[in-house]
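Q: Can you keep this structure in mind? I'll have questions shortly.
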Amino acid sequence: MRDALWRKSAGAQAAAVRGGAVTATALLEAHLERIAEVNPAVNAVTQLIADRARADADAVDRRRAAGEELGPLAGVPFTVKETTAVEGVPTTFGATAFRHATARADAPPVARLRAAGAVPVGHTNMPTLVLAGMHTRSELFGDTVNPWSRAVTPGGSSGGDGAAVASGMVPLGLGNDAGGSVRIPAAFCGVAGLKPTTGRYPADHRIGPDDPALAAQELVVDGPLARTVADLRLVHGVLAGAAPCDPRAVPVPPFGAPLPGPLKVAKVADPGGGGVHPSVRAALDAAADALNDAGYEVHEVPDVPRLEETLEAYARMTLTEFASAWPRLKPLLGEGGHCYIEWGMARTRPVDLAEYLRLTGVRLGIRRDWAAFLAEYPLVLGPVFTLPPFAPGEELRDPESSLRLQRAMRLCTATSFAGLPAVAVPAGTADGLPRGVQLIGRPYREDLCLDAAEEVERRLAVPVPIDPRP
């Protein structure tokens with residue numbers, strides 16, 4: 001029984017703890033044993049907090065013994081990306097400069113998961129400062145391995161959580177996404193990932209006392225990774241909602257009213273017409289068939305609204321913000337960590353104030369056009385990444401490789417800029433590796449994305465957790 005505990009879904013684990021079939025302590029120890037077994041090969045968990053986790057699990061067990069009602073995630077272990085504060089643990093961002101930056105309090109999503117009974121077991125790896133590339137390699141902790149194959153990256157920047165969830169170290173990971181950083185690791189590691197609507201979950205993404213600039217405020221959202229869509233739904237219900245600590249978080253119910261069916265889904269196989277790999281196209285076709293089989297009405301459409309303009313506006317706003325801070329950031333990235341951003345800044349020069357202000361209006365217009373598009377098609381089915389998983393560090397080979405791989409995540413970039421929710425879900429395998437697709441929806445209708453993703457998962461799920469492979 002104990003050996004099988006780490007294989008169960010988060011929902012099943014919590015139900016077992018609430019029902020007394022297993023203690024939270026036994027559940028935690030099963031996961032700590034799994035971490036000890038596979039993390040040396042995968043290098044996903046960077047800072048294990050076993051003693052703290054044991055105390056948290058014991059507190060869950062004492063509450064149950066006292067007859068208290070336990071939360072929906074009672075006893076469930078989870079990991080937290082190195083960007084996100086866990087009280088008493090350094091929030092390193094993978095950088096040597098922050099290796100002793102101990103957090104004074106939990107970040108808002110960590111606090112909400114704890115309040116629901118979940119138990120953080122450690123931090124997970126990421127590219128240094130999330131700026132050093134698309135592969136999960138940090139100055140402080142080295143490379144994370146994709147458990148499906150060492151020959152390909154687990155993705156980034158939440159690659160540590162993707163690899164940890166896929167290899168059975170935890171059933172849940174907490175990452176964040178500003179252009180694909182939850183969805184790409186989910187797709188590459190064969191798990192599910194949720195990027196919520198901007199303003200859906202309360203968050204705190206400060207590095208130090210100051211709040212980030214506008215683009216960083218608007219684009220970065222925290223989001224969960226899990227082995228099942230049902231677990232994403234469970235976590236979404238816990239994380240959603242307003243909070244005084246974050247004025248951006250809005251009091252919208254996590255689950256909305258059903259829409260009259262059949263729901264129309266816009267299938268966008270090749271966003272922007274830049275090309276899509278045959279295996280990615282096959283995954284989209286299979287997902288479309290699954291949705292049609294489930295009663296959705298899938299229509300292939302040429303493109304999403306204003307894609308090229310969106311990508312240009314995203315790059316110009318974000319790289320202008322990076323440029324102003326670059327003299328301070330570059331020395332923190334370690335050897336070679338500066339190339340990825342510097343190549344981007346060479347392609348897209350910083351803009352002046354007048355142009356930056358104009359771009360804020362462009363963003364509103366893009367959101368307006370997406371709203372009209374989603375009024376006709378409440379869901380969009382598209383690729384997470386238009387290429388198969390790539391070799392670790394390929395994005396740092398040269399400027400051309402970097403641009404090619406950035407273009408492959410263009411639908412993730414566009415939907416982050418528009419602030420839309422999206423769920424990445426596996427849609428089978430090709431050449432021994434998982435292939436993921438994403439379902440994109442109207443603002444604050446993560447539930448519609450989850451419903452559709454669950455139908456894809458039901459028909460095309462891949463076998464996770466897995467043991468790390470050569």
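Each chain in the structure tokens gets a letter, A, B, ..., in the order shown, and its residues are numbered from 1; ligands are numbered from 1 in order too.
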Which residues of range 264-382 of chain A come within 9 Å of range 418-423 of chain A, and for each one, what is the closest pair of atoms and their distance in Å to one decimal, counting only C-alpha atoms, sorted by chain and residue number, as a tab-separated table?
A:
```
residue	atom	partner	partner_atom	distance
A:Thr310	CA	A:Ala418	CA	8.4
A:Arg363	CA	A:Ala418	CA	7.1
A:Leu364	CA	A:Ala418	CA	8.2
A:Ile366	CA	A:Ala418	CA	6.7
A:Arg367	CA	A:Ala418	CA	5.2
A:Arg368	CA	A:Ala418	CA	8.9
A:Trp370	CA	A:Ala418	CA	7.5
```
Q: Each residue of range 96-203 of chain A with at least one atom at most 6 Å from range 237-251 of chain A should appear once, together with its nearest atom pair and the corresponding distance in Å (one decimal); atoms considered: only C-alpha atoms; ordering: chain, then increasing residue number; output as JSON lines.
A:
```
{"residue": "A:Gly199", "atom": "CA", "partner": "A:Ala249", "partner_atom": "CA", "distance": 4.4}
{"residue": "A:Arg200", "atom": "CA", "partner": "A:Ala249", "partner_atom": "CA", "distance": 5.5}
{"residue": "A:Tyr201", "atom": "CA", "partner": "A:Ala240", "partner_atom": "CA", "distance": 4.9}
{"residue": "A:Pro202", "atom": "CA", "partner": "A:Ala249", "partner_atom": "CA", "distance": 5.1}
```
Q: Could you write out that same residue set with N, CA and C atoms as a tab-separated table (two decimals), in the first residue's frame?
A:
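The resulting file, result-v2.tsv, is reproduced below:
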```tsv
chain	number	residue	atom	x	y	z
A	199	GLY	N	-5.11	37.87	-12.82
A	199	GLY	CA	-5.97	38.36	-11.74
A	199	GLY	C	-6.82	37.30	-11.10
A	200	ARG	N	-6.68	36.06	-11.52
A	200	ARG	CA	-7.50	34.98	-10.96
A	200	ARG	C	-7.01	34.53	-9.58
A	201	TYR	N	-5.67	34.36	-9.42
A	201	TYR	CA	-5.11	33.93	-8.14
A	201	TYR	C	-4.30	35.08	-7.53
A	202	PRO	N	-4.40	35.31	-6.24
A	202	PRO	CA	-3.54	36.30	-5.61
A	202	PRO	C	-2.09	35.84	-5.65
```
Q: Which residues are near Ala257 in chain A? Cut-off 10 Å, only C-alpha atoms, ignore same chain within fewer than 3 positions. Put them as a ChimeraX atom specification.
A: /A:253,260,445,447-448
Q: Would you return as a PyMOL selection string the members of range 208-444 of chain A that DSSP assigns to alpha helix (DSSP H) on this structure's backbone?
A: chain A and resi 214-219+229-239+278-293+307-329+339-347+353-376+399-408+410-417
Q: I need the residues of range 139-338 of chain A that end up classed as strand (DSSP E) by DSSP on the backbone, written out as a PyMOL selection string.
A: chain A and resi 142-143+172-177+192-195+221-226+264-267+297-300
Q: Please write the residues from the selection above to a file, keeping N, CA and C atoms, as a compact mmCIF listing (two decimals), in the first residue's frame.
A:
```
# COMPACT_ATOMS: atom_id res chain seq x y z
N GLY A 142 22.22 23.55 -11.27
CA GLY A 142 22.53 22.74 -12.43
C GLY A 142 21.32 22.40 -13.27
N ASP A 143 21.42 21.29 -14.02
CA ASP A 143 20.39 20.89 -15.00
C ASP A 143 19.36 19.96 -14.39
N LEU A 172 1.59 17.24 -7.14
CA LEU A 172 1.30 18.63 -7.49
C LEU A 172 2.57 19.46 -7.45
N GLY A 173 2.69 20.39 -8.40
CA GLY A 173 3.74 21.38 -8.37
C GLY A 173 3.14 22.75 -8.57
N LEU A 174 3.77 23.75 -7.99
CA LEU A 174 3.32 25.14 -8.14
C LEU A 174 4.37 25.90 -8.93
N GLY A 175 4.04 26.26 -10.16
CA GLY A 175 4.93 27.04 -11.00
C GLY A 175 4.35 28.40 -11.29
N ASN A 176 4.89 29.06 -12.31
CA ASN A 176 4.27 30.28 -12.82
C ASN A 176 4.56 30.41 -14.30
N ASP A 177 3.78 31.26 -14.96
CA ASP A 177 3.74 31.28 -16.42
C ASP A 177 3.54 32.71 -16.89
N ALA A 192 -0.32 17.64 -16.84
CA ALA A 192 -1.27 18.72 -17.12
C ALA A 192 -0.85 19.98 -16.39
N GLY A 193 -1.11 21.14 -16.99
CA GLY A 193 -0.76 22.40 -16.37
C GLY A 193 -1.81 23.46 -16.64
N LEU A 194 -2.05 24.30 -15.67
CA LEU A 194 -3.07 25.35 -15.78
C LEU A 194 -2.43 26.72 -15.66
N LYS A 195 -2.59 27.54 -16.70
CA LYS A 195 -2.27 28.97 -16.62
C LYS A 195 -3.58 29.71 -16.43
N VAL A 221 1.64 34.83 -13.98
CA VAL A 221 0.60 34.26 -13.13
C VAL A 221 1.11 32.93 -12.57
N ASP A 222 0.77 32.65 -11.32
CA ASP A 222 1.08 31.35 -10.73
C ASP A 222 0.10 30.32 -11.24
N GLY A 223 0.56 29.08 -11.37
CA GLY A 223 -0.32 28.03 -11.85
C GLY A 223 0.17 26.65 -11.47
N PRO A 224 -0.75 25.69 -11.30
CA PRO A 224 -0.38 24.34 -10.86
C PRO A 224 -0.05 23.41 -12.02
N LEU A 225 0.76 22.40 -11.71
CA LEU A 225 0.99 21.26 -12.58
C LEU A 225 0.57 20.01 -11.82
N ALA A 226 -0.04 19.06 -12.53
CA ALA A 226 -0.55 17.85 -11.89
C ALA A 226 -0.57 16.72 -12.91
N LYS A 264 -18.61 25.43 -29.26
CA LYS A 264 -17.77 25.54 -30.45
C LYS A 264 -16.31 25.72 -30.04
N VAL A 265 -15.44 24.95 -30.66
CA VAL A 265 -14.00 25.01 -30.40
C VAL A 265 -13.30 25.41 -31.69
N ALA A 266 -12.50 26.45 -31.62
CA ALA A 266 -11.69 26.87 -32.76
C ALA A 266 -10.37 26.13 -32.71
N LYS A 267 -10.13 25.30 -33.69
CA LYS A 267 -8.85 24.58 -33.80
C LYS A 267 -7.90 25.42 -34.64
N GLU A 297 -18.12 20.90 -30.80
CA GLU A 297 -18.20 21.20 -32.24
C GLU A 297 -16.90 21.89 -32.64
N VAL A 298 -15.98 21.14 -33.23
CA VAL A 298 -14.65 21.65 -33.53
C VAL A 298 -14.60 22.18 -34.96
N HIS A 299 -14.12 23.43 -35.10
CA HIS A 299 -13.99 24.08 -36.41
C HIS A 299 -12.54 24.50 -36.58
N GLU A 300 -11.90 24.11 -37.66
CA GLU A 300 -10.55 24.59 -37.92
C GLU A 300 -10.64 26.01 -38.48
```
Q: Rank A:Leu439, A:Leu284, A:Ala26, A:Val121 by their smallest atom-to-atom distance to Asp51 in chain A, using only C-alpha atoms, and report the top residue only.
A: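 With only C-alpha atoms as the atom set, the closest residue is A:Val121.
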Q: Find, counting only C-alpha atoms, the residue in A:Ala36, A:Ala65, A:Met126, A:Leu396 that gets nearest to Gly19 in chain A.
A: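 Distance minimum relative to Gly19 in chain A lands on A:Ala65.
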Q: List as a PyMOL selection string the protein and nucleic acid residues near Ala97 in chain A, meaning an atom at most 12 Å away when only C-alpha atoms are counted, but skip any in the same chain fewer than 5 places from it.
A: chain A and resi 90-92+128-129+139-140+328-334
Q: What does the structure give for the distance between CA of Asn125 in chain A and CA of Phe78 in chain A, in Å to one decimal?
A: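 So the answer is 13.8 Å.
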Q: Would you mind listing, for every residue of range 284-330 of chain A within 10 Å of range 208-213 of chain A, the two atoms forming the shortest contact and the distance between them in Å to one decimal, using only C-alpha atoms, sorted by chain and ascending residue number, as JSON lines?
A:
```
{"residue": "A:Thr318", "atom": "CA", "partner": "A:Ala213", "partner_atom": "CA", "distance": 9.3}
{"residue": "A:Glu321", "atom": "CA", "partner": "A:Ala213", "partner_atom": "CA", "distance": 7.1}
{"residue": "A:Phe322", "atom": "CA", "partner": "A:Ala213", "partner_atom": "CA", "distance": 9.7}
```
Q: Just how far from CA of Thr413 in chain A is CA of Gly441 in chain A, in Å to one decimal?
A: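 Straight-line distance from CA of Gly441 in chain A to CA of Thr413 in chain A works out to 14.8 Å.
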Q: Nearest to Gly256 in chain A among A:Pro443, A:Glu457, A:Pro40, A:Ala55, with distances taken over only C-alpha atoms: which residue is it?
A: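 So, comparing all the options, the nearest one is A:Pro443.
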Q: Which one of A:Val130, A:Ala187, A:Leu374, A:Val60 sits closest to Leu263 in chain A if you count only C-alpha atoms?
A: A:Leu374
Q: Can you tell me which residues surround Ala41 in chain A at a distance of at most 9 Å, considering only C-alpha atoms, apart from same-chain residues fewer than 2 positions away, and format the answer as a list of chain:residue names?
A: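 The neighbour list is A:Glu37, A:Val38, A:Asn39, A:Asn43, A:Ala44, A:Thr144, A:Val145, A:Pro147, A:Pro468.
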Q: Convert the current residue selection to file output with C-alpha atoms, as a short mmCIF file (atom, residue, chain, number, x, y, z; two decimals), in the first residue's frame.
A:
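What ended up in part32.cif:
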```
data_model
loop_
_atom_site.label_atom_id
_atom_site.label_comp_id
_atom_site.auth_asym_id
_atom_site.auth_seq_id
_atom_site.Cartn_x
_atom_site.Cartn_y
_atom_site.Cartn_z
CA GLU A 37 15.09 7.25 -5.15
CA VAL A 38 14.68 9.35 -8.30
CA ASN A 39 15.78 12.93 -7.61
CA ASN A 43 17.56 16.89 -10.18
CA ALA A 44 14.16 18.54 -9.98
CA THR A 144 17.05 19.19 -14.49
CA VAL A 145 16.50 16.04 -16.55
CA PRO A 147 12.28 11.81 -16.88
CA PRO A 468 13.35 8.16 -15.15
#
```
Q: Give me, please, the distance in Å between CA of Pro72 in chain A and CA of Ile184 in chain A, quoted to one decimal.
A: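 According to the coordinates, CA of Pro72 in chain A and CA of Ile184 in chain A are separated by 27.3 Å.
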